[in-house]
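Novice: Can you keep this structure in mind? I'll have questions shortly.
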Amino acid sequence: MTVSPPATAALLARSTCRALEQLGYASLLEFPLANGRRADILALGKSGDLIIVEIKSSVADFRADRKWAVYRDFANRLYFAVPNEFPALLIPEECGLIVADAFGAAVLRHGVAAPLAAARRRAVTLRFAVTAANRLRRHLDPEAGLLPEL
């Protein structure tokens, strides 16, 4: 049985978030950025560092989508999470590489670290906190009036 790409992406996201948690990161899926894009995963480390993980379930998915380049402005490092059979040579050298399946994930390469301006770091971290709090509140009380995510 072949797993459809959206299901594959969901499984990759789950296992990638598990691996990030083991590395000391809190993560949010489908994180809204200030430029109107949505990062597949934004993770916040204990030291305040921010990473974005772009999930690519297939080579076709990778080749069809080039919006990931703008994500560099919102994180210290950019990673790609891909399935085991994905050809790693396609991932740009400056980006990190996470190989994942339905059960787990491993960081094979860390991306090049880039500093974020203090104002950008503060804005993204605050958006992370508000988004997480709103999602938790909606989970606990789905019928409550909602404030829009920042």
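Letters A, B, ... go to the chains of the structure tokens in the order shown; residues in each chain start at 1; ligands are counted from 1 in the same order.
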Would you list, as a PDB file with C-alpha atoms, in the first residue's frame, the residues of chain A that end up in strand (DSSP E) under DSSP run on this structure's backbone?
Specialist:
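File produced: states_9.pdb:
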ATOM      1  CA  TYR A  25      13.194  22.166  21.070  1.00  0.00           C
ATOM      2  CA  ALA A  26       9.524  23.042  21.375  1.00  0.00           C
ATOM      3  CA  SER A  27       7.871  22.974  17.974  1.00  0.00           C
ATOM      4  CA  LEU A  28       4.743  24.203  16.243  1.00  0.00           C
ATOM      5  CA  LEU A  29       3.368  22.949  12.937  1.00  0.00           C
ATOM      6  CA  GLU A  30       2.104  25.206  10.139  1.00  0.00           C
ATOM      7  CA  PHE A  31       3.517  28.291  11.797  1.00  0.00           C
ATOM      8  CA  PRO A  32       2.329  31.612  10.284  1.00  0.00           C
ATOM      9  CA  ARG A  38       3.562  29.243   6.720  1.00  0.00           C
ATOM     10  CA  ALA A  39       6.571  27.275   7.876  1.00  0.00           C
ATOM     11  CA  ASP A  40       5.939  23.526   8.129  1.00  0.00           C
ATOM     12  CA  ILE A  41       7.663  23.479  11.536  1.00  0.00           C
ATOM     13  CA  LEU A  42       9.068  26.305  13.654  1.00  0.00           C
ATOM     14  CA  ALA A  43      11.069  25.156  16.668  1.00  0.00           C
ATOM     15  CA  LEU A  44      12.315  27.195  19.607  1.00  0.00           C
ATOM     16  CA  GLY A  45      15.362  26.003  21.525  1.00  0.00           C
ATOM     17  CA  LEU A  50      14.888  29.344  16.177  1.00  0.00           C
ATOM     18  CA  ILE A  51      14.874  26.728  13.450  1.00  0.00           C
ATOM     19  CA  ILE A  52      12.499  26.154  10.584  1.00  0.00           C
ATOM     20  CA  VAL A  53      11.994  22.708   9.113  1.00  0.00           C
ATOM     21  CA  GLU A  54      10.557  22.393   5.636  1.00  0.00           C
ATOM     22  CA  ILE A  55       9.025  18.967   5.003  1.00  0.00           C
ATOM     23  CA  ARG A  77      18.894  27.585  10.791  1.00  0.00           C
ATOM     24  CA  LEU A  78      16.821  26.035   8.032  1.00  0.00           C
ATOM     25  CA  TYR A  79      16.373  22.271   7.734  1.00  0.00           C
ATOM     26  CA  PHE A  80      14.663  19.921   5.335  1.00  0.00           C
ATOM     27  CA  ALA A  81      12.950  16.797   6.663  1.00  0.00           C
ATOM     28  CA  VAL A  82      12.730  14.122   3.998  1.00  0.00           C
ATOM     29  CA  PRO A  83      11.913  10.396   3.823  1.00  0.00           C
ATOM     30  CA  GLY A  96      20.268  21.095   7.531  1.00  0.00           C
ATOM     31  CA  LEU A  97      19.044  17.615   6.706  1.00  0.00           C
ATOM     32  CA  ILE A  98      16.696  15.469   8.766  1.00  0.00           C
ATOM     33  CA  VAL A  99      15.775  12.005   7.550  1.00  0.00           C
ATOM     34  CA  ALA A 100      12.504  10.739   8.937  1.00  0.00           C
ATOM     35  CA  ALA A 105      13.908  11.013  12.664  1.00  0.00           C
ATOM     36  CA  ALA A 106      17.624  11.746  12.744  1.00  0.00           C
ATOM     37  CA  VAL A 107      19.539  14.935  12.051  1.00  0.00           C
ATOM     38  CA  LEU A 108      22.153  14.025   9.459  1.00  0.00           C
ATOM     39  CA  ARG A 109      23.457  17.543   8.898  1.00  0.00           C
TER      40      ARG A 109
END
Novice: Near region 101-104 of chain A, within 8 Å and counting only C-alpha atoms, which residues show up once chain neighbours fewer than 4 positions away are dropped, as JSON, numbers by chain?
Specialist: {"A": [8, 11, 12, 14, 15, 16, 18, 19, 83, 84]}
Novice: DSSP says helix (DSSP H, G or I) for which residues of region 36-141 of chain A? Put them as a ChimeraX atom specification?
Specialist: /A:59-64,67-74,88-90,118-140
Novice: Could you dump the residues just selected with C-alpha atoms as an mmCIF file, in the first residue's frame?
Specialist:
data_model
loop_
_atom_site.group_PDB
_atom_site.id
_atom_site.type_symbol
_atom_site.label_atom_id
_atom_site.label_comp_id
_atom_site.auth_asym_id
_atom_site.auth_seq_id
_atom_site.Cartn_x
_atom_site.Cartn_y
_atom_site.Cartn_z
ATOM 1 C CA VAL A 59 11.554 14.827 -5.044
ATOM 2 C CA ALA A 60 8.613 16.239 -7.010
ATOM 3 C CA ASP A 61 7.455 18.125 -3.892
ATOM 4 C CA PHE A 62 10.972 19.546 -3.429
ATOM 5 C CA ARG A 63 11.336 20.630 -7.056
ATOM 6 C CA ALA A 64 7.875 22.222 -7.211
ATOM 7 C CA LYS A 67 9.337 29.372 -1.275
ATOM 8 C CA TRP A 68 11.564 27.915 1.432
ATOM 9 C CA ALA A 69 14.356 30.390 0.625
ATOM 10 C CA VAL A 70 12.403 33.210 2.327
ATOM 11 C CA TYR A 71 12.246 31.199 5.571
ATOM 12 C CA ARG A 72 15.908 31.983 6.262
ATOM 13 C CA ASP A 73 14.869 35.475 7.396
ATOM 14 C CA PHE A 74 12.872 34.006 10.298
ATOM 15 C CA ALA A 88 20.217 13.823 0.050
ATOM 16 C CA LEU A 89 22.351 15.468 -2.645
ATOM 17 C CA LEU A 90 19.340 17.571 -3.692
ATOM 18 C CA ALA A 118 17.211 41.172 17.991
ATOM 19 C CA ALA A 119 13.916 42.747 16.890
ATOM 20 C CA ARG A 120 13.174 39.865 14.492
ATOM 21 C CA ARG A 121 14.050 37.248 17.150
ATOM 22 C CA ARG A 122 11.760 38.964 19.659
ATOM 23 C CA ALA A 123 8.906 39.226 17.142
ATOM 24 C CA VAL A 124 9.136 35.581 16.071
ATOM 25 C CA THR A 125 9.484 34.348 19.655
ATOM 26 C CA LEU A 126 6.471 36.390 20.765
ATOM 27 C CA ARG A 127 4.437 35.087 17.802
ATOM 28 C CA PHE A 128 5.516 31.547 18.755
ATOM 29 C CA ALA A 129 4.274 32.039 22.340
ATOM 30 C CA VAL A 130 0.942 33.585 21.332
ATOM 31 C CA THR A 131 0.328 30.958 18.657
ATOM 32 C CA ALA A 132 1.089 28.130 21.091
ATOM 33 C CA ALA A 133 -1.165 29.616 23.780
ATOM 34 C CA ASN A 134 -4.040 30.128 21.322
ATOM 35 C CA ARG A 135 -3.741 26.580 19.989
ATOM 36 C CA LEU A 136 -3.737 25.142 23.490
ATOM 37 C CA ARG A 137 -6.765 27.217 24.447
ATOM 38 C CA ARG A 138 -8.651 26.095 21.317
ATOM 39 C CA HIS A 139 -7.743 22.502 22.115
ATOM 40 C CA LEU A 140 -9.027 22.844 25.679
#
Novice: Would you mind telling me which residue in A:Ala114, A:Cys17, A:Ile91, A:Ala34 lies nearest to Arg66 (chain A) when using only C-alpha atoms?
Specialist: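 Distance minimum relative to Arg66 (chain A) lands on A:Ile91.
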